[in-house]
Amino acid sequence: MKEFRGKVAVVTGAASGIGRALALRCAAENMQVVVADIEESALGRVETELKDSGANTLAVLTDVSNAEDVETLARKTLERFGAVHLLCNNAGIGAGSTAWESTLKDWEWTLGVNLWGVIHGLRAFVPAMLEQDSESHIVNTASVAGLISFHLNAPYQVSKHAVVGLSEKLHYDLEARAAKVKVSVLCPGWVRTRIMDSHRNRPAELENDPAEVEITPEMMDAVEGYRQACESGIPPEKVLSLTSSYESGWRPCCRAVIRCRLKN
Ligand code: NAI
């Protein structure tokens with residue numbers, strides 16, 4: 001997709017971090033922007049920012065782990081703008097610990113948002129993107145943790161590997177149909193966002209029972225290490241302009257994979 005002016009973008013997880021940066025960038029490219037997030041007050045603030053910048057904007061309170069919510073997001077987008085040209089399945093959270101100590105609720109919450117959120121996005125939007133038969137693009141936010149394994153939370157890492165695999169499968173399925181819908185999978189290293197405060201959006205029914213979780217000093221150290229890495233990560237706006245250089249602590253392995261582009 002080379003022409004952005006007047007086209008319609010949908011960004012999930014748009015109220016903070018990378019999603020907010022994507023939404024503002026779309027507005028700067030003179031696109032019409034639909035922003036979706038589970039955090040109502042922060043979503044309202046981004047909606048105001050976008051409107052103040054002059055963008056034609058729609059904000060839809062959405063839990064991406066809920067299929068009906070995402071279908072409603074697609075319906076409202078099409079009702080208001082009649083098309084979707086750029087879909088950014090970006091909402092994500094981090095939770096859990098090792099593969100065996102993460103609780104069922106850690107797995108359920110993380111896979112629900114990070115993987116099912118993308119699946120729901122594809123099921124809700126791709127049929128309309130195929131039908132409109134114009135150039136369009138899907139960007140799924142995975143992570144460098146979806147390409148190589150780190151000492152990171154197991155549910156997060158598994159969800160991101162799945163998003164990379166899903167994006168590749170999507171690419172080949174669309175190519176087989178000679179569709180005008182193209183796919184990218186975004187794989188950043190550490191970015192300075194609120195990902196380490198993901199817990200703010202954890203649904204009450206998926207909270208861990210404190211009796212079930214043993215928080216060891218090693219785990220506390222690991223979390224503190226992630227927090228520091230995140231705080232020294234690149235600013236979210238920079239993710240959108242990076243091509244080959246990379247400036248956070250994981251430079252050597254990330255340089256090659258900062259943006260894993262499929263054939264477009
Ligand atoms: P963030 O916490 O600043 O933003 C995430 C947004 O997703 C928030 O606005 C949050 O309210 C929203 N969200 C959470 N659960 C949701 C749900 N169920 N439905 C709808 N929205 C929901 O974090 P960040 O870093 O901007 O995260 C965006 C994406 O980038 C995520 O997929 C994350 O895994 C990915 N990522 C982040 C990296 C980092 O270092 N910050 C590195 C690699 C990937």
# chains A, B, ... in the order shown; residues from 1 in each chain; ligands from 1
call {"tool": "residues_around", "arguments": {"residues": "stretch 132-143 of chain A", "least_positions_apart": "2", "cutoff": "8 Å", "atoms": "only C-alpha atoms", "output": "number ranges by chain"}}
result
A: 1, 83-91, 118, 128-130, 145-147, 160-161, 163-164, 167, 179-189
call {"tool": "closest_atom_pairs", "arguments": {"of": "chain A", "to": "ligand 1", "cutoff": "7 Å", "atoms": "only C-alpha atoms and all ligand atoms", "output": "tab-separated table"}}
result
residue	atom	partner	partner_atom_place_in_ligand_line	distance
A:Thr12	CA	ligand 1	21 (N)	6.0
A:Gly13	CA	ligand 1	7 (O)	3.4
A:Ala14	CA	ligand 1	9 (O)	5.4
A:Ala15	CA	ligand 1	9 (O)	4.0
A:Ser16	CA	ligand 1	9 (O)	4.0
A:Gly17	CA	ligand 1	26 (O)	3.4
A:Ile18	CA	ligand 1	26 (O)	3.9
A:Gly19	CA	ligand 1	26 (O)	5.6
A:Ala36	CA	ligand 1	20 (C)	6.5
A:Asp37	CA	ligand 1	21 (N)	3.9
A:Ile38	CA	ligand 1	20 (C)	4.2
A:Glu39	CA	ligand 1	11 (O)	4.7
A:Thr62	CA	ligand 1	20 (C)	5.4
A:Asp63	CA	ligand 1	19 (N)	3.5
A:Val64	CA	ligand 1	19 (N)	4.0
A:Ser65	CA	ligand 1	18 (N)	5.3
A:Asn90	CA	ligand 1	32 (O)	4.8
A:Ala91	CA	ligand 1	7 (O)	3.9
A:Gly92	CA	ligand 1	32 (O)	3.4
A:Ile93	CA	ligand 1	34 (O)	5.5
A:Gly94	CA	ligand 1	34 (O)	6.7
A:Val113	CA	ligand 1	18 (N)	5.0
A:Asn114	CA	ligand 1	32 (O)	6.2
A:Thr141	CA	ligand 1	32 (O)	5.2
A:Ala142	CA	ligand 1	44 (C)	5.6
A:Ser143	CA	ligand 1	43 (C)	3.9
A:Val144	CA	ligand 1	43 (C)	6.2
A:Cys187	CA	ligand 1	43 (C)	6.1
A:Pro188	CA	ligand 1	43 (C)	4.5
A:Gly189	CA	ligand 1	42 (C)	4.8
A:Trp190	CA	ligand 1	40 (O)	3.3
A:Val191	CA	ligand 1	40 (O)	3.7
A:Arg192	CA	ligand 1	41 (N)	5.6
A:Thr193	CA	ligand 1	3 (O)	4.2
A:Arg194	CA	ligand 1	3 (O)	3.7
A:Ile195	CA	ligand 1	2 (O)	3.7
A:Met196	CA	ligand 1	2 (O)	6.9
A:Asp197	CA	ligand 1	2 (O)	6.4
A:Ser198	CA	ligand 1	2 (O)	5.4
A:Asn201	CA	ligand 1	15 (N)	5.7
A:Cys230	CA	ligand 1	40 (O)	5.5
A:Gly233	CA	ligand 1	40 (O)	6.7
call {"tool": "residues_around", "arguments": {"residues": "A:Asn66", "least_positions_apart": "5", "cutoff": "9 Å", "atoms": "only C-alpha atoms", "output": "NGL selection string"}}
result
:A and (71 or 112-113 or 116-117 or 120)
call {"tool": "write_last_selection", "arguments": {"atoms": "N, CA, C and O atoms", "output": "PDB file, in the first residue's frame"}}
result
ATOM      1  N   GLU A  71     -16.080  -8.042  16.423  1.00  0.00           N
ATOM      2  CA  GLU A  71     -17.061  -7.965  15.322  1.00  0.00           C
ATOM      3  C   GLU A  71     -17.780  -6.616  15.343  1.00  0.00           C
ATOM      4  O   GLU A  71     -18.038  -6.018  14.298  1.00  0.00           O
ATOM      5  N   GLY A 112      -5.535 -15.101  25.306  1.00  0.00           N
ATOM      6  CA  GLY A 112      -6.804 -14.440  24.943  1.00  0.00           C
ATOM      7  C   GLY A 112      -6.584 -13.108  24.272  1.00  0.00           C
ATOM      8  O   GLY A 112      -7.184 -12.800  23.237  1.00  0.00           O
ATOM      9  N   VAL A 113      -5.697 -12.300  24.830  1.00  0.00           N
ATOM     10  CA  VAL A 113      -5.460 -10.963  24.259  1.00  0.00           C
ATOM     11  C   VAL A 113      -4.482 -11.053  23.079  1.00  0.00           C
ATOM     12  O   VAL A 113      -4.771 -10.580  21.972  1.00  0.00           O
ATOM     13  N   TRP A 116      -5.706 -14.697  20.525  1.00  0.00           N
ATOM     14  CA  TRP A 116      -7.109 -14.655  20.091  1.00  0.00           C
ATOM     15  C   TRP A 116      -7.491 -13.257  19.609  1.00  0.00           C
ATOM     16  O   TRP A 116      -8.310 -13.109  18.693  1.00  0.00           O
ATOM     17  N   GLY A 117      -6.876 -12.233  20.213  1.00  0.00           N
ATOM     18  CA  GLY A 117      -7.147 -10.863  19.754  1.00  0.00           C
ATOM     19  C   GLY A 117      -6.834 -10.703  18.270  1.00  0.00           C
ATOM     20  O   GLY A 117      -7.583 -10.071  17.516  1.00  0.00           O
ATOM     21  N   HIS A 120      -9.378 -12.923  16.223  1.00  0.00           N
ATOM     22  CA  HIS A 120     -10.677 -12.236  16.106  1.00  0.00           C
ATOM     23  C   HIS A 120     -10.582 -11.087  15.094  1.00  0.00           C
ATOM     24  O   HIS A 120     -11.509 -10.863  14.309  1.00  0.00           O
TER      25      HIS A 120
END
call {"tool": "closest_residue", "arguments": {"among": "A:Lys105, A:Arg80, A:Arg202, A:Lys7", "to": "A:Val60", "atoms": "only C-alpha atoms"}}
result
A:Arg80
